[in-house]
$ cat start-v6.cif   # mmCIF, C-alpha atoms
data_query
loop_
_atom_site.group_PDB
_atom_site.id
_atom_site.type_symbol
_atom_site.label_atom_id
_atom_site.label_comp_id
_atom_site.auth_asym_id
_atom_site.auth_seq_id
_atom_site.Cartn_x
_atom_site.Cartn_y
_atom_site.Cartn_z
ATOM 1 C CA MET A 1 -3.838 26.463 -6.316
ATOM 2 C CA SER A 2 -1.836 25.681 -3.195
ATOM 3 C CA ASP A 3 1.916 26.038 -2.990
ATOM 4 C CA LYS A 4 2.019 23.563 -0.120
ATOM 5 C CA LYS A 5 4.076 20.419 -0.416
ATOM 6 C CA LYS A 6 1.894 17.385 0.226
ATOM 7 C CA VAL A 7 2.975 14.225 2.017
ATOM 8 C CA LEU A 8 1.056 11.029 2.800
ATOM 9 C CA PHE A 9 2.271 8.230 5.088
ATOM 10 C CA VAL A 10 0.900 4.758 4.379
ATOM 11 C CA CYS A 11 1.020 1.426 6.201
ATOM 12 C CA LEU A 12 -1.227 -1.608 5.957
ATOM 13 C CA GLY A 13 -3.943 -0.625 8.423
ATOM 14 C CA ASN A 14 -3.351 3.063 9.283
ATOM 15 C CA SER A 15 -3.471 2.274 13.000
ATOM 16 C CA CYS A 16 0.120 2.612 14.215
ATOM 17 C CA ARG A 17 3.068 3.182 11.845
ATOM 18 C CA SER A 18 1.569 5.712 9.445
ATOM 19 C CA PRO A 19 -0.183 7.773 12.167
ATOM 20 C CA ILE A 20 3.063 7.871 14.178
ATOM 21 C CA ALA A 21 4.995 9.010 11.086
ATOM 22 C CA GLU A 22 2.297 11.605 10.335
ATOM 23 C CA GLY A 23 2.491 12.929 13.896
ATOM 24 C CA VAL A 24 6.287 13.013 13.878
ATOM 25 C CA PHE A 25 6.284 14.898 10.555
ATOM 26 C CA GLN A 26 3.774 17.446 11.883
ATOM 27 C CA LYS A 27 5.801 18.051 15.033
ATOM 28 C CA THR A 28 9.068 18.264 13.080
ATOM 29 C CA VAL A 29 7.851 20.887 10.606
ATOM 30 C CA GLU A 30 6.183 22.818 13.443
ATOM 31 C CA LYS A 31 9.529 22.993 15.257
ATOM 32 C CA MET A 32 11.156 24.137 12.009
ATOM 33 C CA GLY A 33 8.544 26.889 11.656
ATOM 34 C CA VAL A 34 7.354 25.611 8.264
ATOM 35 C CA ARG A 35 4.140 23.775 9.221
ATOM 36 C CA ASP A 36 2.081 26.063 6.968
ATOM 37 C CA GLU A 37 4.113 24.909 3.975
ATOM 38 C CA TRP A 38 2.901 21.301 4.289
ATOM 39 C CA GLU A 39 -0.255 19.261 3.890
ATOM 40 C CA ILE A 40 0.237 16.054 5.906
ATOM 41 C CA ASP A 41 -1.943 12.958 6.204
ATOM 42 C CA SER A 42 -1.823 9.190 6.596
ATOM 43 C CA ALA A 43 -3.776 6.283 5.159
ATOM 44 C CA GLY A 44 -3.893 2.509 5.048
ATOM 45 C CA ILE A 45 -3.727 0.042 2.196
ATOM 46 C CA ALA A 46 -6.607 -1.887 3.801
ATOM 47 C CA ASP A 47 -9.933 -0.458 4.993
ATOM 48 C CA TRP A 48 -9.935 -2.081 8.445
ATOM 49 C CA ASN A 49 -9.505 1.120 10.462
ATOM 50 C CA VAL A 50 -11.456 3.666 8.438
ATOM 51 C CA GLY A 51 -12.888 6.234 10.861
ATOM 52 C CA CYS A 52 -10.995 4.771 13.835
ATOM 53 C CA THR A 53 -8.371 6.430 15.977
ATOM 54 C CA PRO A 54 -4.901 4.826 16.068
ATOM 55 C CA THR A 55 -4.261 2.019 18.535
ATOM 56 C CA THR A 56 -3.958 3.091 22.158
ATOM 57 C CA ARG A 57 -0.296 2.103 22.226
ATOM 58 C CA ALA A 58 0.383 4.333 19.206
ATOM 59 C CA THR A 59 -1.410 7.312 20.749
ATOM 60 C CA ASN A 60 0.318 6.711 24.094
ATOM 61 C CA THR A 61 3.693 6.712 22.323
ATOM 62 C CA MET A 62 2.833 9.973 20.591
ATOM 63 C CA LYS A 63 1.622 11.554 23.856
ATOM 64 C CA LYS A 64 4.861 10.478 25.535
ATOM 65 C CA HIS A 65 6.728 12.533 22.923
ATOM 66 C CA ASP A 66 4.345 15.513 23.113
ATOM 67 C CA ILE A 67 2.695 14.855 19.760
ATOM 68 C CA ARG A 68 -0.922 15.976 19.588
ATOM 69 C CA TYR A 69 -2.738 13.690 17.175
ATOM 70 C CA HIS A 70 -6.391 14.013 16.197
ATOM 71 C CA ASN A 71 -6.720 12.236 12.853
ATOM 72 C CA VAL A 72 -8.689 9.063 12.146
ATOM 73 C CA GLY A 73 -7.901 6.166 9.854
ATOM 74 C CA ARG A 74 -8.714 6.173 6.194
ATOM 75 C CA GLN A 75 -7.943 4.017 3.186
ATOM 76 C CA ILE A 76 -5.757 5.319 0.370
ATOM 77 C CA LYS A 77 -7.714 6.494 -2.679
ATOM 78 C CA THR A 78 -6.774 6.629 -6.349
ATOM 79 C CA GLU A 79 -6.941 10.445 -6.204
ATOM 80 C CA ASP A 80 -4.196 10.492 -3.565
ATOM 81 C CA PHE A 81 -1.617 9.543 -6.175
ATOM 82 C CA ASN A 82 -2.201 12.807 -8.035
ATOM 83 C CA HIS A 83 -2.870 14.968 -4.987
ATOM 84 C CA TYR A 84 0.239 14.200 -2.926
ATOM 85 C CA ASP A 85 3.821 14.972 -3.913
ATOM 86 C CA TYR A 86 5.291 12.217 -1.725
ATOM 87 C CA ILE A 87 3.691 8.981 -0.568
ATOM 88 C CA PHE A 88 5.745 7.047 1.959
ATOM 89 C CA GLY A 89 5.318 3.334 2.579
ATOM 90 C CA MET A 90 6.624 1.768 5.770
ATOM 91 C CA ASP A 91 7.837 -1.550 4.333
ATOM 92 C CA ASP A 92 8.474 -3.315 1.026
ATOM 93 C CA SER A 93 4.961 -4.787 0.964
ATOM 94 C CA ASN A 94 3.438 -1.294 1.275
ATOM 95 C CA ILE A 95 5.666 -0.069 -1.565
ATOM 96 C CA LYS A 96 4.621 -2.988 -3.790
ATOM 97 C CA ASP A 97 0.935 -2.333 -3.035
ATOM 98 C CA LEU A 98 1.313 1.410 -3.634
ATOM 99 C CA HIS A 99 2.920 0.846 -7.029
ATOM 100 C CA GLU A 100 0.098 -1.547 -7.956
ATOM 101 C CA LEU A 101 -2.567 0.956 -6.851
ATOM 102 C CA ALA A 102 -0.985 4.015 -8.492
ATOM 103 C CA PRO A 103 -2.633 5.040 -11.741
ATOM 104 C CA PRO A 104 -0.294 5.323 -14.730
ATOM 105 C CA GLY A 105 1.433 8.695 -14.912
ATOM 106 C CA SER A 106 0.457 9.794 -11.406
ATOM 107 C CA LYS A 107 2.526 12.609 -9.915
ATOM 108 C CA ALA A 108 3.253 11.270 -6.416
ATOM 109 C CA ARG A 109 6.707 9.927 -5.736
ATOM 110 C CA ILE A 110 6.341 6.622 -3.887
ATOM 111 C CA LEU A 111 9.176 6.290 -1.390
ATOM 112 C CA LEU A 112 10.176 3.916 1.394
ATOM 113 C CA LEU A 113 10.389 6.080 4.520
ATOM 114 C CA GLY A 114 13.206 3.998 5.993
ATOM 115 C CA ASP A 115 15.414 4.744 2.980
ATOM 116 C CA PHE A 116 16.021 8.117 4.672
ATOM 117 C CA ASP A 117 17.102 6.607 8.010
ATOM 118 C CA PRO A 118 20.779 7.485 8.574
ATOM 119 C CA ASP A 119 21.051 4.339 10.726
ATOM 120 C CA GLY A 120 20.075 2.239 7.697
ATOM 121 C CA GLU A 121 16.955 0.640 9.201
ATOM 122 C CA ARG A 122 14.940 0.553 5.985
ATOM 123 C CA ILE A 123 11.814 -1.176 7.288
ATOM 124 C CA ILE A 124 9.771 0.774 9.828
ATOM 125 C CA ARG A 125 8.995 -1.579 12.707
ATOM 126 C CA ASP A 126 5.408 -2.865 12.713
ATOM 127 C CA PRO A 127 4.543 -3.086 16.420
ATOM 128 C CA TYR A 128 0.861 -3.972 16.010
ATOM 129 C CA PHE A 129 1.128 -7.569 17.246
ATOM 130 C CA ASP A 130 3.735 -6.888 19.935
ATOM 131 C CA GLY A 131 2.750 -7.679 23.498
ATOM 132 C CA ASN A 132 4.334 -4.474 24.826
ATOM 133 C CA ASP A 133 5.115 -0.873 23.870
ATOM 134 C CA LEU A 134 8.773 -1.361 22.894
ATOM 135 C CA GLY A 135 8.017 -1.757 19.182
ATOM 136 C CA PHE A 136 5.967 1.446 19.185
ATOM 137 C CA GLU A 137 8.901 3.351 20.642
ATOM 138 C CA LYS A 138 11.196 1.813 18.022
ATOM 139 C CA CYS A 139 8.743 2.799 15.265
ATOM 140 C CA TYR A 140 8.675 6.343 16.656
ATOM 141 C CA GLN A 141 12.486 6.601 16.769
ATOM 142 C CA GLN A 142 12.795 5.273 13.209
ATOM 143 C CA ALA A 143 10.204 7.812 12.024
ATOM 144 C CA VAL A 144 12.078 10.658 13.741
ATOM 145 C CA ARG A 145 15.380 9.724 12.073
ATOM 146 C CA SER A 146 13.854 8.995 8.668
ATOM 147 C CA ILE A 147 11.785 12.176 8.526
ATOM 148 C CA LYS A 148 14.773 14.268 9.563
ATOM 149 C CA GLY A 149 16.801 12.535 6.838
ATOM 150 C CA PHE A 150 14.093 13.154 4.232
ATOM 151 C CA LEU A 151 13.750 16.834 5.111
ATOM 152 C CA GLU A 152 17.540 17.292 5.012
ATOM 153 C CA GLN A 153 17.746 15.631 1.594
ATOM 154 C CA LEU A 154 14.790 17.692 0.360
ATOM 155 C CA ALA A 155 16.485 20.903 1.525
ATOM 156 C CA ASN A 156 19.664 19.851 -0.284
ATOM 157 C CA GLY A 157 17.726 19.149 -3.472
ATOM 158 C CA SER A 158 18.612 15.468 -3.515
ATOM 159 C CA VAL A 159 15.002 14.226 -3.332
#

$ encode --input "start-v6.cif" --output "structure tokens"
Amino acid sequence: MSDKKKVLFVCLGNSCRSPIAEGVFQKTVEKMGVRDEWEIDSAGIADWNVGCTPTTRATNTMKKHDIRYHNVGRQIKTEDFNHYDYIFGMDDSNIKDLHELAPPGSKARILLLGDFDPDGERIIRDPYFDGNDLGFEKCYQQAVRSIKGFLEQLANGSV
């Protein structure tokens, strides 16, 4: 049995927001020297991007911030709700879908990632349909702040 804490980031398609959040979380816990204490993944509500790498603009944003990302898209599974300790949705629609998909009595805590943003931006920007990279950078910055906020609250025992 693993003592690792397990975290899953979820957005609609698993092509930009959740991979960026996954990458930011990995880099953050690496910098903290606690990477080995975590199992980290991302998934989508929909199956559109199963087996696909994130969008080029998402991977370019991660590269810009020195995040090495090698995962591919997958769809959330029923088992995830009992495997992961924390499942983060990126917006209210993701949270609604996650609660509908979660089996009764599952162990995962379903949380809105943006609830941990000290700037109060609760909804992680969905840049998928943007015509430029600005939304991807905003999504990245929100993920950085929110993940830092989550880890601080976790360390303080308030999560």

$ resolve_selection --input "start-v6.cif" --expression "the PyMOL selection byres ((chain A and resi 112-122) around 6)" --output "ChimeraX atom specification"
/A:88-90,111,123,145-146,149-150

$ atom_distance --input "start-v6.cif" --atom1 "CA of Cys11 in chain A" --atom2 "CA of Glu37 in chain A"
23.8 Å

$ residues_near_point --input "start-v6.cif" --point "(1.1, -4.5, 14.0)" --cutoff "10 Å" --atoms "all atoms listed in the file" --output "list in words"
Cys11, Leu12, Gly13, Asn14, Ser15, Cys16, Arg17, Thr55, Arg125, Asp126, Pro127, Tyr128, Phe129, Asp130, Gly135 and Phe136 of chain A

$ axis_aligned_box --input "start-v6.cif" --around "range 110-126 of chain A" --padding-each-side "4 Å" --output "AutoDock Vina command-line options"
--center_x 13.2 --center_y 2.6 --center_z 4.4 --size_x 23.6 --size_y 19.0 --size_z 24.6

$ resolve_selection --input "start-v6.cif" --expression "the PyMOL selection byres ((chain A and resi 21) around 10)" --output "PyMOL selection string"
chain A and resi 8-11+16-20+22-27+40-42+62+88+90+113+124+139-144+146-147

$ write_last_selection --input "start-v6.cif" --atoms "C-alpha atoms" --output "compact mmCIF listing (two decimals), in the frame of the given file"
# COMPACT_ATOMS: atom_id res chain seq x y z
CA LEU A 8 1.06 11.03 2.80
CA PHE A 9 2.27 8.23 5.09
CA VAL A 10 0.90 4.76 4.38
CA CYS A 11 1.02 1.43 6.20
CA CYS A 16 0.12 2.61 14.22
CA ARG A 17 3.07 3.18 11.84
CA SER A 18 1.57 5.71 9.44
CA PRO A 19 -0.18 7.77 12.17
CA ILE A 20 3.06 7.87 14.18
CA GLU A 22 2.30 11.60 10.34
CA GLY A 23 2.49 12.93 13.90
CA VAL A 24 6.29 13.01 13.88
CA PHE A 25 6.28 14.90 10.56
CA GLN A 26 3.77 17.45 11.88
CA LYS A 27 5.80 18.05 15.03
CA ILE A 40 0.24 16.05 5.91
CA ASP A 41 -1.94 12.96 6.20
CA SER A 42 -1.82 9.19 6.60
CA MET A 62 2.83 9.97 20.59
CA PHE A 88 5.74 7.05 1.96
CA MET A 90 6.62 1.77 5.77
CA LEU A 113 10.39 6.08 4.52
CA ILE A 124 9.77 0.77 9.83
CA CYS A 139 8.74 2.80 15.26
CA TYR A 140 8.68 6.34 16.66
CA GLN A 141 12.49 6.60 16.77
CA GLN A 142 12.80 5.27 13.21
CA ALA A 143 10.20 7.81 12.02
CA VAL A 144 12.08 10.66 13.74
CA SER A 146 13.85 8.99 8.67
CA ILE A 147 11.78 12.18 8.53

$ resolve_selection --input "start-v6.cif" --expression "the PyMOL selection byres ((chain A and resi 68-74) around 7)" --output "PyMOL selection string"
chain A and resi 14-15+23+43-44+47+49-54+63+66-67+75-76

$ atom_distance --input "start-v6.cif" --atom1 "CA of Asp97 in chain A" --atom2 "CA of Asp85 in chain A"
17.6 Å

$ atom_distance --input "start-v6.cif" --atom1 "CA of Trp38 in chain A" --atom2 "CA of Lys4 in chain A"
5.0 Å

$ closest_residue --input "start-v6.cif" --among "A:Met32, A:Gly131, A:Phe81, A:Glu137" --to "Ile110 in chain A" --atoms "all atoms listed in the file"
A:Phe81
